$ cat start.pdb   # PDB, C-alpha atoms
ATOM      1  CA  MET A 237      72.061 148.876  30.272  1.00  0.00           C
ATOM      2  CA  LEU A 238      72.597 152.221  31.952  1.00  0.00           C
ATOM      3  CA  LEU A 239      75.431 151.238  34.288  1.00  0.00           C
ATOM      4  CA  LEU A 240      77.883 150.072  31.613  1.00  0.00           C
ATOM      5  CA  PRO A 241      77.978 153.368  29.617  1.00  0.00           C
ATOM      6  CA  LEU A 242      78.326 155.337  32.833  1.00  0.00           C
ATOM      7  CA  LEU A 243      81.203 153.138  33.928  1.00  0.00           C
ATOM      8  CA  LEU A 244      82.898 153.699  30.589  1.00  0.00           C
ATOM      9  CA  LEU A 245      82.441 157.440  31.026  1.00  0.00           C
ATOM     10  CA  ALA A 246      83.822 157.330  34.562  1.00  0.00           C
ATOM     11  CA  ASP A 247      86.873 155.482  33.277  1.00  0.00           C
ATOM     12  CA  LEU A 248      87.826 158.616  31.322  1.00  0.00           C
ATOM     13  CA  ILE A 249      88.004 160.762  34.438  1.00  0.00           C
ATOM     14  CA  PRO A 250      90.784 159.441  36.730  1.00  0.00           C
ATOM     15  CA  GLY A 251      93.477 159.736  34.065  1.00  0.00           C
ATOM     16  CA  GLY A 252      92.347 163.010  32.510  1.00  0.00           C
ATOM     17  CA  ASP A 253      91.909 165.262  35.537  1.00  0.00           C
ATOM     18  CA  ASN A 254      95.029 167.034  36.806  1.00  0.00           C
ATOM     19  CA  GLU A 255      93.414 167.427  40.194  1.00  0.00           C
ATOM     20  CA  HIS A 256      93.305 163.647  40.642  1.00  0.00           C
ATOM     21  CA  LYS A 257      96.266 162.369  38.621  1.00  0.00           C
ATOM     22  CA  HIS A 258      97.801 160.866  41.774  1.00  0.00           C
ATOM     23  CA  GLU A 259      94.838 158.432  42.133  1.00  0.00           C
ATOM     24  CA  GLN A 260      95.334 154.916  40.830  1.00  0.00           C
ATOM     25  CA  ASP A 261      92.909 152.237  39.711  1.00  0.00           C
ATOM     26  CA  PRO A 262      90.773 150.598  40.923  1.00  0.00           C
ATOM     27  CA  PHE A 263      88.163 153.223  41.782  1.00  0.00           C
ATOM     28  CA  GLU A 264      84.605 152.799  43.048  1.00  0.00           C
ATOM     29  CA  PHE A 265      81.764 154.185  40.957  1.00  0.00           C
ATOM     30  CA  GLN A 266      78.208 154.230  42.372  1.00  0.00           C
ATOM     31  CA  VAL A 267      74.937 154.973  40.602  1.00  0.00           C
ATOM     32  CA  ILE A 268      71.458 155.194  42.077  1.00  0.00           C
ATOM     33  CA  GLY A 269      68.358 155.930  40.068  1.00  0.00           C
ATOM     34  CA  GLY A 270      64.623 155.514  40.341  1.00  0.00           C
ATOM     35  CA  CYS A 271      61.217 157.127  40.179  1.00  0.00           C
ATOM     36  CA  GLU A 272      58.468 158.053  42.623  1.00  0.00           C
ATOM     37  CA  LEU A 273      54.717 158.142  42.102  1.00  0.00           C
ATOM     38  CA  HIS A 274      52.985 161.207  43.543  1.00  0.00           C
ATOM     39  CA  SER A 275      49.281 162.067  43.760  1.00  0.00           C
ATOM     40  CA  GLY A 276      47.515 162.229  40.420  1.00  0.00           C
ATOM     41  CA  GLU A 277      49.892 159.567  39.034  1.00  0.00           C
ATOM     42  CA  THR A 278      52.628 162.171  38.540  1.00  0.00           C
ATOM     43  CA  THR A 279      56.068 160.554  38.475  1.00  0.00           C
ATOM     44  CA  VAL A 280      59.332 162.140  39.571  1.00  0.00           C
ATOM     45  CA  SER A 281      62.547 160.457  38.399  1.00  0.00           C
ATOM     46  CA  SER A 282      66.104 160.947  39.602  1.00  0.00           C
ATOM     47  CA  LEU A 283      69.623 159.704  38.953  1.00  0.00           C
ATOM     48  CA  ARG A 284      72.741 160.324  41.030  1.00  0.00           C
ATOM     49  CA  ALA A 285      76.321 159.176  40.545  1.00  0.00           C
ATOM     50  CA  ALA A 286      79.267 159.135  42.955  1.00  0.00           C
ATOM     51  CA  LEU A 287      82.945 158.341  42.567  1.00  0.00           C
ATOM     52  CA  GLY A 288      84.910 157.071  45.543  1.00  0.00           C
ATOM     53  CA  GLY A 289      82.015 157.884  47.869  1.00  0.00           C
ATOM     54  CA  VAL A 290      81.834 161.538  46.720  1.00  0.00           C
ATOM     55  CA  ASN A 291      78.732 162.800  44.908  1.00  0.00           C
ATOM     56  CA  LEU A 292      79.561 163.493  41.300  1.00  0.00           C
ATOM     57  CA  MET A 293      76.385 164.533  39.494  1.00  0.00           C
ATOM     58  CA  ASN A 294      72.598 164.604  39.510  1.00  0.00           C
ATOM     59  CA  PHE A 295      70.530 164.090  36.402  1.00  0.00           C
ATOM     60  CA  GLN A 296      67.716 166.656  36.621  1.00  0.00           C
ATOM     61  CA  ASN A 297      65.271 167.976  34.045  1.00  0.00           C
ATOM     62  CA  ASP A 298      66.861 165.889  31.306  1.00  0.00           C
ATOM     63  CA  SER A 299      70.313 167.371  31.944  1.00  0.00           C
ATOM     64  CA  CYS A 300      73.431 166.601  33.957  1.00  0.00           C
ATOM     65  CA  VAL A 301      74.048 168.882  36.975  1.00  0.00           C
ATOM     66  CA  PRO A 302      77.495 168.625  38.651  1.00  0.00           C
ATOM     67  CA  ALA A 303      77.363 168.059  42.414  1.00  0.00           C
ATOM     68  CA  ALA A 304      79.055 170.791  44.476  1.00  0.00           C
ATOM     69  CA  GLU A 305      81.251 168.296  46.337  1.00  0.00           C
ATOM     70  CA  GLY A 306      82.347 166.704  43.054  1.00  0.00           C
ATOM     71  CA  GLY A 307      84.486 169.731  42.138  1.00  0.00           C
ATOM     72  CA  SER A 308      86.085 169.808  38.723  1.00  0.00           C
ATOM     73  CA  ARG A 309      85.608 166.060  38.346  1.00  0.00           C
ATOM     74  CA  GLY A 310      81.817 166.453  38.424  1.00  0.00           C
ATOM     75  CA  GLN A 311      81.997 169.274  35.893  1.00  0.00           C
ATOM     76  CA  ARG A 312      84.196 167.152  33.610  1.00  0.00           C
ATOM     77  CA  PHE A 313      81.823 164.208  33.937  1.00  0.00           C
ATOM     78  CA  CYS A 314      78.824 166.318  32.855  1.00  0.00           C
ATOM     79  CA  ALA A 315      80.855 167.865  30.020  1.00  0.00           C
ATOM     80  CA  ILE A 316      81.766 164.409  28.681  1.00  0.00           C
ATOM     81  CA  LEU A 317      78.189 163.195  29.103  1.00  0.00           C
ATOM     82  CA  SER A 318      76.843 166.147  27.122  1.00  0.00           C
ATOM     83  CA  GLU A 319      79.059 165.147  24.187  1.00  0.00           C
ATOM     84  CA  TYR A 320      77.389 161.734  24.030  1.00  0.00           C
ATOM     85  CA  GLN A 321      73.838 162.632  22.999  1.00  0.00           C
ATOM     86  CA  GLY A 322      72.971 158.990  22.480  1.00  0.00           C
ATOM     87  CA  LEU A 323      73.843 158.182  26.092  1.00  0.00           C
ATOM     88  CA  SER A 324      71.879 161.195  27.353  1.00  0.00           C
ATOM     89  CA  SER A 325      68.862 159.986  25.359  1.00  0.00           C
ATOM     90  CA  ILE A 326      69.151 156.527  26.899  1.00  0.00           C
ATOM     91  CA  ILE A 327      69.241 157.986  30.418  1.00  0.00           C
ATOM     92  CA  GLN A 328      66.311 160.272  29.669  1.00  0.00           C
ATOM     93  CA  LYS A 329      64.213 157.413  28.268  1.00  0.00           C
ATOM     94  CA  LEU A 330      64.966 155.149  31.227  1.00  0.00           C
ATOM     95  CA  LEU A 331      64.046 157.829  33.758  1.00  0.00           C
ATOM     96  CA  SER A 332      61.023 159.413  32.082  1.00  0.00           C
ATOM     97  CA  ASN A 333      59.513 156.401  30.323  1.00  0.00           C
ATOM     98  CA  THR A 334      60.753 152.945  31.324  1.00  0.00           C
ATOM     99  CA  CYS A 335      60.924 153.475  35.088  1.00  0.00           C
ATOM    100  CA  PRO A 336      57.452 155.101  35.462  1.00  0.00           C
ATOM    101  CA  ARG A 337      55.820 152.438  33.286  1.00  0.00           C
ATOM    102  CA  PHE A 338      57.435 149.670  35.331  1.00  0.00           C
ATOM    103  CA  LEU A 339      56.390 151.360  38.605  1.00  0.00           C
ATOM    104  CA  LEU A 340      52.774 151.805  37.479  1.00  0.00           C
ATOM    105  CA  GLY A 341      52.688 148.164  36.361  1.00  0.00           C
ATOM    106  CA  VAL A 342      53.920 146.958  39.749  1.00  0.00           C
ATOM    107  CA  LEU A 343      51.402 149.159  41.588  1.00  0.00           C
ATOM    108  CA  ASP A 344      48.547 147.965  39.383  1.00  0.00           C
ATOM    109  CA  ALA A 345      49.477 144.316  39.952  1.00  0.00           C
ATOM    110  CA  GLY A 346      49.617 144.835  43.722  1.00  0.00           C
ATOM    111  CA  LYS A 347      46.643 147.210  44.034  1.00  0.00           C
ATOM    112  CA  ALA A 348      44.431 144.639  45.753  1.00  0.00           C
ATOM    113  CA  GLU A 349      47.063 144.007  48.418  1.00  0.00           C
ATOM    114  CA  LEU A 350      47.858 147.705  48.870  1.00  0.00           C
ATOM    115  CA  GLN A 351      44.167 148.555  49.338  1.00  0.00           C
ATOM    116  CA  ARG A 352      43.440 145.579  51.595  1.00  0.00           C
ATOM    117  CA  GLN A 353      41.640 146.507  54.830  1.00  0.00           C
ATOM    118  CA  VAL A 354      40.927 144.003  57.619  1.00  0.00           C
ATOM    119  CA  LYS A 355      39.166 145.128  60.798  1.00  0.00           C
ATOM    120  CA  PRO A 356      40.832 144.230  64.108  1.00  0.00           C
ATOM    121  CA  GLU A 357      39.374 142.193  66.927  1.00  0.00           C
ATOM    122  CA  ALA A 358      40.058 143.401  70.468  1.00  0.00           C
ATOM    123  CA  TRP A 359      39.618 141.950  73.942  1.00  0.00           C
ATOM    124  CA  LEU A 360      40.751 142.609  77.507  1.00  0.00           C
ATOM    125  CA  SER A 361      42.421 140.369  80.054  1.00  0.00           C
ATOM    126  CA  SER A 362      44.458 140.637  83.236  1.00  0.00           C
ATOM    127  CA  GLY A 363      48.052 139.587  83.775  1.00  0.00           C
ATOM    128  CA  PRO A 364      50.125 138.679  86.848  1.00  0.00           C
ATOM    129  CA  PRO A 365      50.166 141.684  89.236  1.00  0.00           C
ATOM    130  CA  PRO A 366      53.569 143.398  89.056  1.00  0.00           C
ATOM    131  CA  LEU A 367      53.342 144.450  92.725  1.00  0.00           C
ATOM    132  CA  PRO A 368      51.074 143.642  95.687  1.00  0.00           C
ATOM    133  CA  GLY A 369      47.973 145.784  95.547  1.00  0.00           C
ATOM    134  CA  HIS A 370      48.353 146.412  91.804  1.00  0.00           C
ATOM    135  CA  LEU A 371      46.502 145.185  88.723  1.00  0.00           C
ATOM    136  CA  LEU A 372      47.971 144.494  85.287  1.00  0.00           C
ATOM    137  CA  LEU A 373      45.395 145.181  82.595  1.00  0.00           C
ATOM    138  CA  VAL A 374      46.034 143.846  79.086  1.00  0.00           C
ATOM    139  CA  CYS A 375      44.451 145.058  75.842  1.00  0.00           C
ATOM    140  CA  HIS A 376      44.816 142.639  72.904  1.00  0.00           C
ATOM    141  CA  VAL A 377      44.301 143.712  69.283  1.00  0.00           C
ATOM    142  CA  SER A 378      44.586 141.108  66.541  1.00  0.00           C
ATOM    143  CA  GLY A 379      43.756 140.377  62.912  1.00  0.00           C
ATOM    144  CA  PHE A 380      44.207 143.918  61.550  1.00  0.00           C
ATOM    145  CA  TYR A 381      45.695 145.005  58.224  1.00  0.00           C
ATOM    146  CA  PRO A 382      47.489 147.205  57.214  1.00  0.00           C
ATOM    147  CA  LYS A 383      50.071 147.381  59.985  1.00  0.00           C
ATOM    148  CA  PRO A 384      49.713 150.974  61.317  1.00  0.00           C
ATOM    149  CA  VAL A 385      47.447 150.978  64.374  1.00  0.00           C
ATOM    150  CA  GLN A 386      46.965 153.133  67.461  1.00  0.00           C
ATOM    151  CA  VAL A 387      45.992 151.486  70.767  1.00  0.00           C
ATOM    152  CA  MET A 388      45.601 153.523  73.971  1.00  0.00           C
ATOM    153  CA  TRP A 389      44.535 152.983  77.553  1.00  0.00           C
ATOM    154  CA  MET A 390      42.213 155.817  78.531  1.00  0.00           C
ATOM    155  CA  ARG A 391      40.572 157.079  81.711  1.00  0.00           C
ATOM    156  CA  GLY A 392      37.442 158.617  80.309  1.00  0.00           C
ATOM    157  CA  GLU A 393      38.789 160.762  77.466  1.00  0.00           C
ATOM    158  CA  GLN A 394      42.317 161.166  78.899  1.00  0.00           C
ATOM    159  CA  GLU A 395      45.107 158.982  77.509  1.00  0.00           C
ATOM    160  CA  LEU A 396      47.212 157.203  80.148  1.00  0.00           C
ATOM    161  CA  PRO A 397      50.919 156.306  80.000  1.00  0.00           C
ATOM    162  CA  VAL A 398      51.277 152.667  79.000  1.00  0.00           C
ATOM    163  CA  THR A 399      53.310 150.299  81.138  1.00  0.00           C
ATOM    164  CA  HIS A 400      54.479 148.342  78.113  1.00  0.00           C
ATOM    165  CA  GLN A 401      53.622 148.177  74.426  1.00  0.00           C
ATOM    166  CA  GLY A 402      54.834 145.066  72.687  1.00  0.00           C
ATOM    167  CA  ASP A 403      56.035 144.833  69.123  1.00  0.00           C
ATOM    168  CA  ILE A 404      53.463 144.545  66.346  1.00  0.00           C
ATOM    169  CA  LEU A 405      53.765 140.861  65.466  1.00  0.00           C
ATOM    170  CA  PRO A 406      52.629 139.031  62.313  1.00  0.00           C
ATOM    171  CA  ASN A 407      49.845 136.459  62.312  1.00  0.00           C
ATOM    172  CA  ALA A 408      49.952 133.415  60.050  1.00  0.00           C
ATOM    173  CA  ASP A 409      47.341 134.914  57.692  1.00  0.00           C
ATOM    174  CA  GLY A 410      49.381 138.074  57.045  1.00  0.00           C
ATOM    175  CA  THR A 411      47.482 140.248  59.531  1.00  0.00           C
ATOM    176  CA  TRP A 412      49.017 141.759  62.689  1.00  0.00           C
ATOM    177  CA  TYR A 413      48.765 141.437  66.461  1.00  0.00           C
ATOM    178  CA  LEU A 414      49.534 143.882  69.298  1.00  0.00           C
ATOM    179  CA  ARG A 415      49.093 143.962  73.054  1.00  0.00           C
ATOM    180  CA  ILE A 416      49.566 146.810  75.480  1.00  0.00           C
ATOM    181  CA  THR A 417      49.478 146.632  79.287  1.00  0.00           C
ATOM    182  CA  LEU A 418      48.615 149.094  82.016  1.00  0.00           C
ATOM    183  CA  ASP A 419      49.736 148.894  85.644  1.00  0.00           C
ATOM    184  CA  VAL A 420      47.190 150.450  88.053  1.00  0.00           C
ATOM    185  CA  MET A 421      46.560 150.396  91.775  1.00  0.00           C
ATOM    186  CA  ALA A 422      43.786 148.041  92.839  1.00  0.00           C
ATOM    187  CA  GLY A 423      40.593 150.035  93.188  1.00  0.00           C
ATOM    188  CA  GLU A 424      41.636 152.620  90.592  1.00  0.00           C
ATOM    189  CA  GLU A 425      40.481 150.663  87.550  1.00  0.00           C
ATOM    190  CA  ALA A 426      37.119 152.414  87.395  1.00  0.00           C
ATOM    191  CA  ASN A 427      36.312 154.317  84.177  1.00  0.00           C
ATOM    192  CA  LEU A 428      39.233 152.740  82.283  1.00  0.00           C
ATOM    193  CA  ASN A 429      38.888 151.776  78.649  1.00  0.00           C
ATOM    194  CA  CYS A 430      41.073 150.595  75.781  1.00  0.00           C
ATOM    195  CA  ARG A 431      40.625 152.518  72.525  1.00  0.00           C
ATOM    196  CA  VAL A 432      41.696 151.124  69.126  1.00  0.00           C
ATOM    197  CA  LYS A 433      42.116 153.329  66.043  1.00  0.00           C
ATOM    198  CA  HIS A 434      42.692 151.717  62.627  1.00  0.00           C
ATOM    199  CA  SER A 435      42.135 152.716  59.005  1.00  0.00           C
ATOM    200  CA  SER A 436      39.744 149.780  58.432  1.00  0.00           C
ATOM    201  CA  LEU A 437      37.306 151.103  61.069  1.00  0.00           C
ATOM    202  CA  GLY A 438      36.324 154.194  59.082  1.00  0.00           C
ATOM    203  CA  GLY A 439      36.700 156.500  62.078  1.00  0.00           C
ATOM    204  CA  GLN A 440      34.545 154.287  64.334  1.00  0.00           C
ATOM    205  CA  ASP A 441      37.032 153.427  67.079  1.00  0.00           C
ATOM    206  CA  ILE A 442      36.769 150.210  69.072  1.00  0.00           C
ATOM    207  CA  VAL A 443      36.305 151.087  72.759  1.00  0.00           C
ATOM    208  CA  LEU A 444      36.469 148.345  75.395  1.00  0.00           C
ATOM    209  CA  HIS A 445      35.571 149.297  78.970  1.00  0.00           C
ATOM    210  CA  TRP A 446      37.278 147.536  81.845  1.00  0.00           C
ATOM    211  CA  GLY A 447      34.681 146.105  84.238  1.00  0.00           C
ATOM    212  CA  HIS A 448      31.859 147.733  82.312  1.00  0.00           C
ATOM    213  CA  PRO A 449      28.650 147.342  84.390  1.00  0.00           C
ATOM    214  CA  THR A 450      25.989 145.018  83.035  1.00  0.00           C
ATOM    215  CA  SER A 451      23.309 146.948  81.172  1.00  0.00           C
ATOM    216  CA  MET A 452      19.817 147.354  82.659  1.00  0.00           C
ATOM    217  CA  THR A 453      18.364 145.298  79.828  1.00  0.00           C
ATOM    218  CA  MET A 454      20.595 142.378  80.706  1.00  0.00           C
ATOM    219  CA  ILE A 455      19.644 142.689  84.374  1.00  0.00           C
ATOM    220  CA  ILE A 456      15.928 142.666  83.527  1.00  0.00           C
ATOM    221  CA  LEU A 457      16.364 139.667  81.226  1.00  0.00           C
ATOM    222  CA  ALA A 458      18.369 137.852  83.883  1.00  0.00           C
ATOM    223  CA  ILE A 459      15.485 138.291  86.340  1.00  0.00           C
ATOM    224  CA  ILE A 460      12.437 137.884  84.083  1.00  0.00           C
ATOM    225  CA  LEU A 461      13.588 135.036  81.849  1.00  0.00           C
ATOM    226  CA  PRO A 462      14.086 132.433  84.637  1.00  0.00           C
ATOM    227  CA  THR A 463      10.775 133.492  86.209  1.00  0.00           C
ATOM    228  CA  PHE A 464       8.969 133.115  82.868  1.00  0.00           C
ATOM    229  CA  ILE A 465      10.453 129.663  82.331  1.00  0.00           C
ATOM    230  CA  LEU A 466       9.445 128.637  85.860  1.00  0.00           C
ATOM    231  CA  LEU A 467       5.851 129.765  85.249  1.00  0.00           C
ATOM    232  CA  ILE A 468       5.649 127.740  82.043  1.00  0.00           C
ATOM    233  CA  CYS A 469       6.934 124.653  83.846  1.00  0.00           C
ATOM    234  CA  LEU A 470       4.410 125.079  86.697  1.00  0.00           C
ATOM    235  CA  THR A 471       1.558 125.560  84.208  1.00  0.00           C
ATOM    236  CA  LEU A 472       2.464 122.403  82.296  1.00  0.00           C
ATOM    237  CA  TRP A 473       2.766 120.445  85.541  1.00  0.00           C
ATOM    238  CA  TYR A 474      -0.644 121.680  86.718  1.00  0.00           C
ATOM    239  CA  LEU A 475      -2.373 120.848  83.432  1.00  0.00           C
ATOM    240  CA  ARG A 476      -0.835 117.410  83.376  1.00  0.00           C
ATOM    241  CA  ARG A 477      -1.918 116.760  86.973  1.00  0.00           C
ATOM    242  CA  ARG A 478      -5.518 117.773  86.201  1.00  0.00           C
ATOM    243  CA  SER A 479      -5.628 115.420  83.252  1.00  0.00           C
ATOM    244  CA  TYR A 480      -4.547 112.538  85.485  1.00  0.00           C
ATOM    245  CA  GLN A 481      -7.196 113.435  88.084  1.00  0.00           C
ATOM    246  CA  LYS A 482      -9.954 113.317  85.445  1.00  0.00           C
ATOM    247  CA  ILE A 483      -8.828 109.859  84.401  1.00  0.00           C
TER     248      ILE A 483
END
$ encode --input "start.pdb" --output "structure tokens"
Amino acid sequence: MLLLPLLLLADLIPGGDNEHKHEQDPFEFQVIGGCELHSGETTVSSLRAALGGVNLMNFQNDSCVPAAEGGSRGQRFCAILSEYQGLSSIIQKLLSNTCPRFLLGVLDAGKAELQRQVKPEAWLSSGPPPLPGHLLLVCHVSGFYPKPVQVMWMRGEQELPVTHQGDILPNADGTWYLRITLDVMAGEEANLNCRVKHSSLGGQDIVLHWGHPTSMTMIILAIILPTFILLICLTLWYLRRRSYQKI
């Protein structure tokens, strides 16, 4: 709807401008227009036109502004456009009304997808050693959405240079997967951890420690639980033996 009137306007220019009388048809006319949504649902619309790859005009604040590189042709274009008030009204309505309404409708329809947050899962593994006496540590992060994520190998609170960070790859369910590796000398893996930052975590980073020592609680349970089970078994055996003796 907008392109056809602009093309008709542009057709008036090549033959009526002394500066460009030597140019012959055909000529290439380009138009780009759109709108952006800023905070507070404020929309900013724009329209630009070019002729033969040279900027011709910008439509700003409901008026045509000749582009500096367009020279007299841009000025002539805006002068002709100003004579066609109906065409100017069409452009103004498309930019200030139709485009923002369409944009807001698209955003509203896709709001659930745009606001979707899926927490990542992370785990550690080891890969083939790149050199004798080295270790290749691998941090896997999968199932997160949206795509932006930050994954770092750390020694304590100091970030380490990563041997290799792979591409962020898509999973079948629309979430994403990433792995990063760290090459370290054997024996220097103490106090290493992989830290994952993602918008779905609400500032609570995932921190995985390489070779994290077993907690004291787990050690106590590992010692006491088998002993407790053994005592129960001995007690049942003793009671059963006594019952047989009485018989």
$ resolve_selection --input "start.pdb" --expression "the PyMOL selection byres ((chain A and resi 365) around 12)" --output "ChimeraX atom specification"
/A:362-364,366-374,417-422
$ write_last_selection --input "start.pdb" --atoms "C-alpha atoms" --output "PDB file, in the frame of the given file"
ATOM      1  CA  SER A 362      44.458 140.637  83.236  1.00  0.00           C
ATOM      2  CA  GLY A 363      48.052 139.587  83.775  1.00  0.00           C
ATOM      3  CA  PRO A 364      50.125 138.679  86.848  1.00  0.00           C
ATOM      4  CA  PRO A 366      53.569 143.398  89.056  1.00  0.00           C
ATOM      5  CA  LEU A 367      53.342 144.450  92.725  1.00  0.00           C
ATOM      6  CA  PRO A 368      51.074 143.642  95.687  1.00  0.00           C
ATOM      7  CA  GLY A 369      47.973 145.784  95.547  1.00  0.00           C
ATOM      8  CA  HIS A 370      48.353 146.412  91.804  1.00  0.00           C
ATOM      9  CA  LEU A 371      46.502 145.185  88.723  1.00  0.00           C
ATOM     10  CA  LEU A 372      47.971 144.494  85.287  1.00  0.00           C
ATOM     11  CA  LEU A 373      45.395 145.181  82.595  1.00  0.00           C
ATOM     12  CA  VAL A 374      46.034 143.846  79.086  1.00  0.00           C
ATOM     13  CA  THR A 417      49.478 146.632  79.287  1.00  0.00           C
ATOM     14  CA  LEU A 418      48.615 149.094  82.016  1.00  0.00           C
ATOM     15  CA  ASP A 419      49.736 148.894  85.644  1.00  0.00           C
ATOM     16  CA  VAL A 420      47.190 150.450  88.053  1.00  0.00           C
ATOM     17  CA  MET A 421      46.560 150.396  91.775  1.00  0.00           C
ATOM     18  CA  ALA A 422      43.786 148.041  92.839  1.00  0.00           C
TER      19      ALA A 422
END
$ resolve_selection --input "start.pdb" --expression "the PyMOL selection byres ((chain A and resi 444) around 6)" --output "list in words"
Asn429, Cys430, Val443 and His445 of chain A
$ resolve_selection --input "start.pdb" --expression "the PyMOL selection byres ((chain A and resi 331-341) around 10)" --output "tab-separated table (two decimals) with C-alpha atoms, keeping the file's coordinate frame"
chain	number	residue	atom	x	y	z
A	269	GLY	CA	68.36	155.93	40.07
A	270	GLY	CA	64.62	155.51	40.34
A	271	CYS	CA	61.22	157.13	40.18
A	272	GLU	CA	58.47	158.05	42.62
A	273	LEU	CA	54.72	158.14	42.10
A	277	GLU	CA	49.89	159.57	39.03
A	278	THR	CA	52.63	162.17	38.54
A	279	THR	CA	56.07	160.55	38.48
A	280	VAL	CA	59.33	162.14	39.57
A	281	SER	CA	62.55	160.46	38.40
A	282	SER	CA	66.10	160.95	39.60
A	283	LEU	CA	69.62	159.70	38.95
A	295	PHE	CA	70.53	164.09	36.40
A	296	GLN	CA	67.72	166.66	36.62
A	297	ASN	CA	65.27	167.98	34.04
A	298	ASP	CA	66.86	165.89	31.31
A	325	SER	CA	68.86	159.99	25.36
A	326	ILE	CA	69.15	156.53	26.90
A	327	ILE	CA	69.24	157.99	30.42
A	328	GLN	CA	66.31	160.27	29.67
A	329	LYS	CA	64.21	157.41	28.27
A	330	LEU	CA	64.97	155.15	31.23
A	342	VAL	CA	53.92	146.96	39.75
A	343	LEU	CA	51.40	149.16	41.59
A	344	ASP	CA	48.55	147.96	39.38
A	345	ALA	CA	49.48	144.32	39.95
A	346	GLY	CA	49.62	144.84	43.72
A	347	LYS	CA	46.64	147.21	44.03
$ atom_distance --input "start.pdb" --atom1 "atom CA of Ala303 of chain A" --atom2 "atom CA of Ala315 of chain A"
12.9 Å
$ residues_near_point --input "start.pdb" --point "(47.3, 157.4, 78.2)" --cutoff "12 Å" --atoms "only C-alpha atoms" --output "MDAnalysis selection string"
chainID A and resid 386:401 416:419 428:431
$ atom_distance --input "start.pdb" --atom1 "atom CA of Ala285 of chain A" --atom2 "atom CA of Gln266 of chain A"
5.6 Å
$ atom_distance --input "start.pdb" --atom1 "atom CA of Leu414 of chain A" --atom2 "atom CA of Val377 of chain A"
5.2 Å
$ residues_around --input "start.pdb" --residues "Gly310 of chain A" --least-positions-apart "6" --cutoff "8 Å" --atoms "only C-alpha atoms" --output "NGL selection string"
:A and (292-293 or 302-304)
$ closest_residue --input "start.pdb" --among "A:Val267, A:Gly410, A:Cys300, A:Trp446" --to "Tyr320 of chain A" --atoms "all atoms listed in the file"
A:Cys300
$ closest_residue --input "start.pdb" --among "A:Arg415, A:His434, A:Arg284, A:Arg309" --to "Tyr381 of chain A" --atoms "all atoms listed in the file"
A:His434
